[in-house]
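Asks: So here's model.cif, just mmCIF, N, CA and C atoms:
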data_target
#
loop_
_atom_site.label_atom_id
_atom_site.label_comp_id
_atom_site.auth_asym_id
_atom_site.auth_seq_id
_atom_site.Cartn_x
_atom_site.Cartn_y
_atom_site.Cartn_z
N MET A 1 -38.19 -16.43 25.57
CA MET A 1 -39.58 -16.09 25.43
C MET A 1 -40.22 -16.13 26.81
N ARG A 2 -40.91 -15.07 27.13
CA ARG A 2 -41.69 -15.02 28.37
C ARG A 2 -43.15 -15.15 28.01
N ASP A 3 -43.90 -15.83 28.85
CA ASP A 3 -45.34 -15.94 28.59
C ASP A 3 -46.12 -15.65 29.85
N PHE A 4 -47.26 -15.04 29.65
CA PHE A 4 -48.17 -14.69 30.73
C PHE A 4 -49.51 -15.33 30.39
N LYS A 5 -49.89 -16.33 31.15
CA LYS A 5 -51.13 -17.08 30.86
C LYS A 5 -52.29 -16.49 31.64
N ASP A 6 -53.45 -16.54 31.02
CA ASP A 6 -54.71 -16.17 31.66
C ASP A 6 -54.70 -14.76 32.24
N GLU A 7 -54.23 -13.82 31.44
CA GLU A 7 -54.26 -12.41 31.81
C GLU A 7 -55.60 -11.82 31.37
N TRP A 8 -56.25 -11.06 32.23
CA TRP A 8 -57.52 -10.43 31.89
C TRP A 8 -57.24 -9.01 31.40
N ILE A 9 -57.80 -8.66 30.24
CA ILE A 9 -57.68 -7.30 29.72
C ILE A 9 -59.08 -6.78 29.41
N ALA A 10 -59.22 -5.48 29.45
CA ALA A 10 -60.51 -4.85 29.16
C ALA A 10 -60.48 -4.22 27.78
N ALA A 11 -61.48 -4.51 26.99
CA ALA A 11 -61.62 -3.88 25.68
C ALA A 11 -62.17 -2.46 25.86
N SER A 12 -62.17 -1.68 24.79
CA SER A 12 -62.62 -0.29 24.89
C SER A 12 -64.09 -0.17 25.29
N ASP A 13 -64.88 -1.25 25.04
CA ASP A 13 -66.30 -1.20 25.43
C ASP A 13 -66.53 -1.77 26.83
N GLY A 14 -65.44 -2.12 27.54
CA GLY A 14 -65.56 -2.61 28.90
C GLY A 14 -65.63 -4.12 29.03
N VAL A 15 -65.77 -4.83 27.91
CA VAL A 15 -65.81 -6.29 27.96
C VAL A 15 -64.43 -6.80 28.35
N ARG A 16 -64.40 -7.76 29.27
CA ARG A 16 -63.13 -8.34 29.70
C ARG A 16 -62.92 -9.67 29.00
N ILE A 17 -61.70 -9.89 28.49
CA ILE A 17 -61.36 -11.15 27.85
C ILE A 17 -60.09 -11.71 28.49
N CYS A 18 -59.99 -13.03 28.50
CA CYS A 18 -58.83 -13.71 29.06
C CYS A 18 -57.88 -14.05 27.92
N VAL A 19 -56.62 -13.67 28.05
CA VAL A 19 -55.65 -13.84 26.97
C VAL A 19 -54.37 -14.49 27.49
N ASP A 20 -53.61 -15.04 26.56
CA ASP A 20 -52.24 -15.47 26.81
C ASP A 20 -51.34 -14.49 26.06
N VAL A 21 -50.28 -14.01 26.71
CA VAL A 21 -49.38 -13.04 26.11
C VAL A 21 -48.00 -13.68 26.01
N TYR A 22 -47.40 -13.60 24.84
CA TYR A 22 -46.05 -14.13 24.59
C TYR A 22 -45.14 -12.97 24.21
N VAL A 23 -44.05 -12.81 24.95
CA VAL A 23 -43.15 -11.68 24.75
C VAL A 23 -41.75 -12.22 24.44
N PRO A 24 -41.13 -11.80 23.33
CA PRO A 24 -39.77 -12.26 23.03
C PRO A 24 -38.77 -11.74 24.07
N ASP A 25 -37.66 -12.46 24.20
CA ASP A 25 -36.58 -11.99 25.07
C ASP A 25 -35.94 -10.77 24.43
N GLY A 26 -35.37 -9.91 25.24
CA GLY A 26 -34.69 -8.74 24.73
C GLY A 26 -35.50 -7.48 24.92
N ASP A 27 -34.89 -6.38 24.48
CA ASP A 27 -35.54 -5.08 24.59
C ASP A 27 -36.41 -4.84 23.38
N GLY A 28 -37.54 -4.19 23.57
CA GLY A 28 -38.46 -3.89 22.48
C GLY A 28 -38.04 -2.63 21.77
N PRO A 29 -38.88 -2.03 21.04
CA PRO A 29 -40.28 -2.41 20.86
C PRO A 29 -40.43 -3.59 19.91
N PHE A 30 -41.52 -4.32 20.08
CA PHE A 30 -41.84 -5.46 19.23
C PHE A 30 -43.21 -5.24 18.60
N PRO A 31 -43.42 -5.74 17.40
CA PRO A 31 -44.76 -5.66 16.81
C PRO A 31 -45.71 -6.57 17.58
N ALA A 32 -46.97 -6.29 17.50
CA ALA A 32 -47.99 -7.09 18.20
C ALA A 32 -48.84 -7.83 17.18
N LEU A 33 -49.15 -9.06 17.49
CA LEU A 33 -50.08 -9.86 16.70
C LEU A 33 -51.27 -10.19 17.57
N TYR A 34 -52.44 -10.12 16.99
CA TYR A 34 -53.67 -10.42 17.74
C TYR A 34 -54.42 -11.49 16.97
N ALA A 35 -54.73 -12.58 17.64
CA ALA A 35 -55.51 -13.66 17.03
C ALA A 35 -56.68 -13.97 17.94
N VAL A 36 -57.84 -14.15 17.35
CA VAL A 36 -59.03 -14.42 18.14
C VAL A 36 -59.82 -15.54 17.48
N ALA A 37 -60.47 -16.34 18.30
CA ALA A 37 -61.31 -17.42 17.80
C ALA A 37 -62.44 -17.66 18.80
N PRO A 38 -63.57 -18.13 18.33
CA PRO A 38 -64.70 -18.35 19.23
C PRO A 38 -64.60 -19.68 19.98
N TYR A 39 -63.43 -20.24 20.09
CA TYR A 39 -63.22 -21.51 20.77
C TYR A 39 -62.32 -21.30 21.97
N GLN A 40 -62.15 -22.33 22.77
CA GLN A 40 -61.26 -22.23 23.94
C GLN A 40 -59.85 -21.87 23.49
N LYS A 41 -59.23 -20.96 24.19
CA LYS A 41 -57.90 -20.49 23.77
C LYS A 41 -56.80 -21.52 23.99
N ASP A 42 -57.05 -22.55 24.77
CA ASP A 42 -56.02 -23.54 25.05
C ASP A 42 -56.06 -24.74 24.11
N LEU A 43 -56.92 -24.71 23.09
CA LEU A 43 -56.93 -25.80 22.12
C LEU A 43 -55.65 -25.79 21.31
N LEU A 44 -55.18 -26.96 20.93
CA LEU A 44 -53.98 -27.04 20.10
C LEU A 44 -54.25 -26.68 18.65
N TYR A 45 -55.50 -26.76 18.24
CA TYR A 45 -55.88 -26.41 16.87
C TYR A 45 -57.27 -25.82 16.91
N LEU A 46 -57.61 -25.10 15.88
CA LEU A 46 -58.96 -24.56 15.77
C LEU A 46 -59.74 -25.42 14.79
N PRO A 47 -60.88 -25.94 15.22
CA PRO A 47 -61.68 -26.74 14.30
C PRO A 47 -62.11 -25.92 13.09
N ALA A 48 -62.06 -26.52 11.92
CA ALA A 48 -62.49 -25.83 10.70
C ALA A 48 -64.00 -25.88 10.62
N SER A 49 -64.57 -24.83 10.14
CA SER A 49 -66.01 -24.82 9.92
C SER A 49 -66.27 -24.15 8.58
N ARG A 50 -67.41 -24.44 8.04
CA ARG A 50 -67.76 -23.90 6.72
C ARG A 50 -69.09 -23.18 6.82
N HIS A 51 -69.10 -21.98 6.36
CA HIS A 51 -70.35 -21.24 6.28
C HIS A 51 -71.07 -21.69 5.01
N PRO A 52 -72.37 -21.96 5.10
CA PRO A 52 -73.09 -22.51 3.93
C PRO A 52 -73.00 -21.68 2.66
N THR A 53 -72.80 -20.37 2.79
CA THR A 53 -72.75 -19.53 1.60
C THR A 53 -71.31 -19.13 1.24
N SER A 54 -70.34 -19.72 1.90
CA SER A 54 -68.96 -19.33 1.66
C SER A 54 -68.47 -19.84 0.31
N SER A 55 -67.82 -18.98 -0.44
CA SER A 55 -67.22 -19.40 -1.71
C SER A 55 -65.72 -19.57 -1.54
N CYS A 56 -65.22 -19.41 -0.30
CA CYS A 56 -63.79 -19.50 -0.05
C CYS A 56 -63.36 -20.90 0.37
N TRP A 57 -64.27 -21.81 0.43
CA TRP A 57 -63.96 -23.16 0.90
C TRP A 57 -63.80 -24.08 -0.28
N PRO A 58 -62.72 -24.89 -0.30
CA PRO A 58 -62.52 -25.79 -1.47
C PRO A 58 -63.58 -26.87 -1.57
#
Could you show the structure in this file as structure tokens?
Replies:
Amino acid sequence: MRDFKDEWIAASDGVRICVDVYVPDGDGPFPALYAVAPYQKDLLYLPASRHPTSSCWP
């Protein structure tokens, strides 16, 4: 596994975001997964939050 930390990419609207990219060893093509959260990307976990009107929370 190769990883590229703190790579800056530009979205289609010009906004730049800092990402970590993980690439499997070997020749591609490989599927891509995209995960986003409004928290620091280096956290080991994402804090859970509940929206007051959410019916999806136990």
Asks: Mind pulling up the distance from atom CA of A:Val23 to atom N of A:Arg2?
Replies: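 Value for the atom N of A:Arg2-atom CA of A:Val23 distance: 4.7 Å.
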Asks: Could you jot down the atom CA of A:Val19 to atom CA of A:Tyr34 separation for me, Å, one decimal place?
Replies: 10.0 Å
Asks: Which residues are close to A:Val21, i.e. within 8 Å by only N, CA and C atoms, leaving aside same-chain residues fewer than 2 positions away? Reply as a list in words.
Replies: Arg2, Asp3, Phe4, Lys5, Asp6, Glu7, Cys18, Val19, Val23 and Pro24 of chain A
Asks: So what do you get for atom N of A:Ala32 versus atom C of A:Asp20, distance-wise?
Replies: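 Between atom N of A:Ala32 and atom C of A:Asp20 the gap works out to 12.6 Å.
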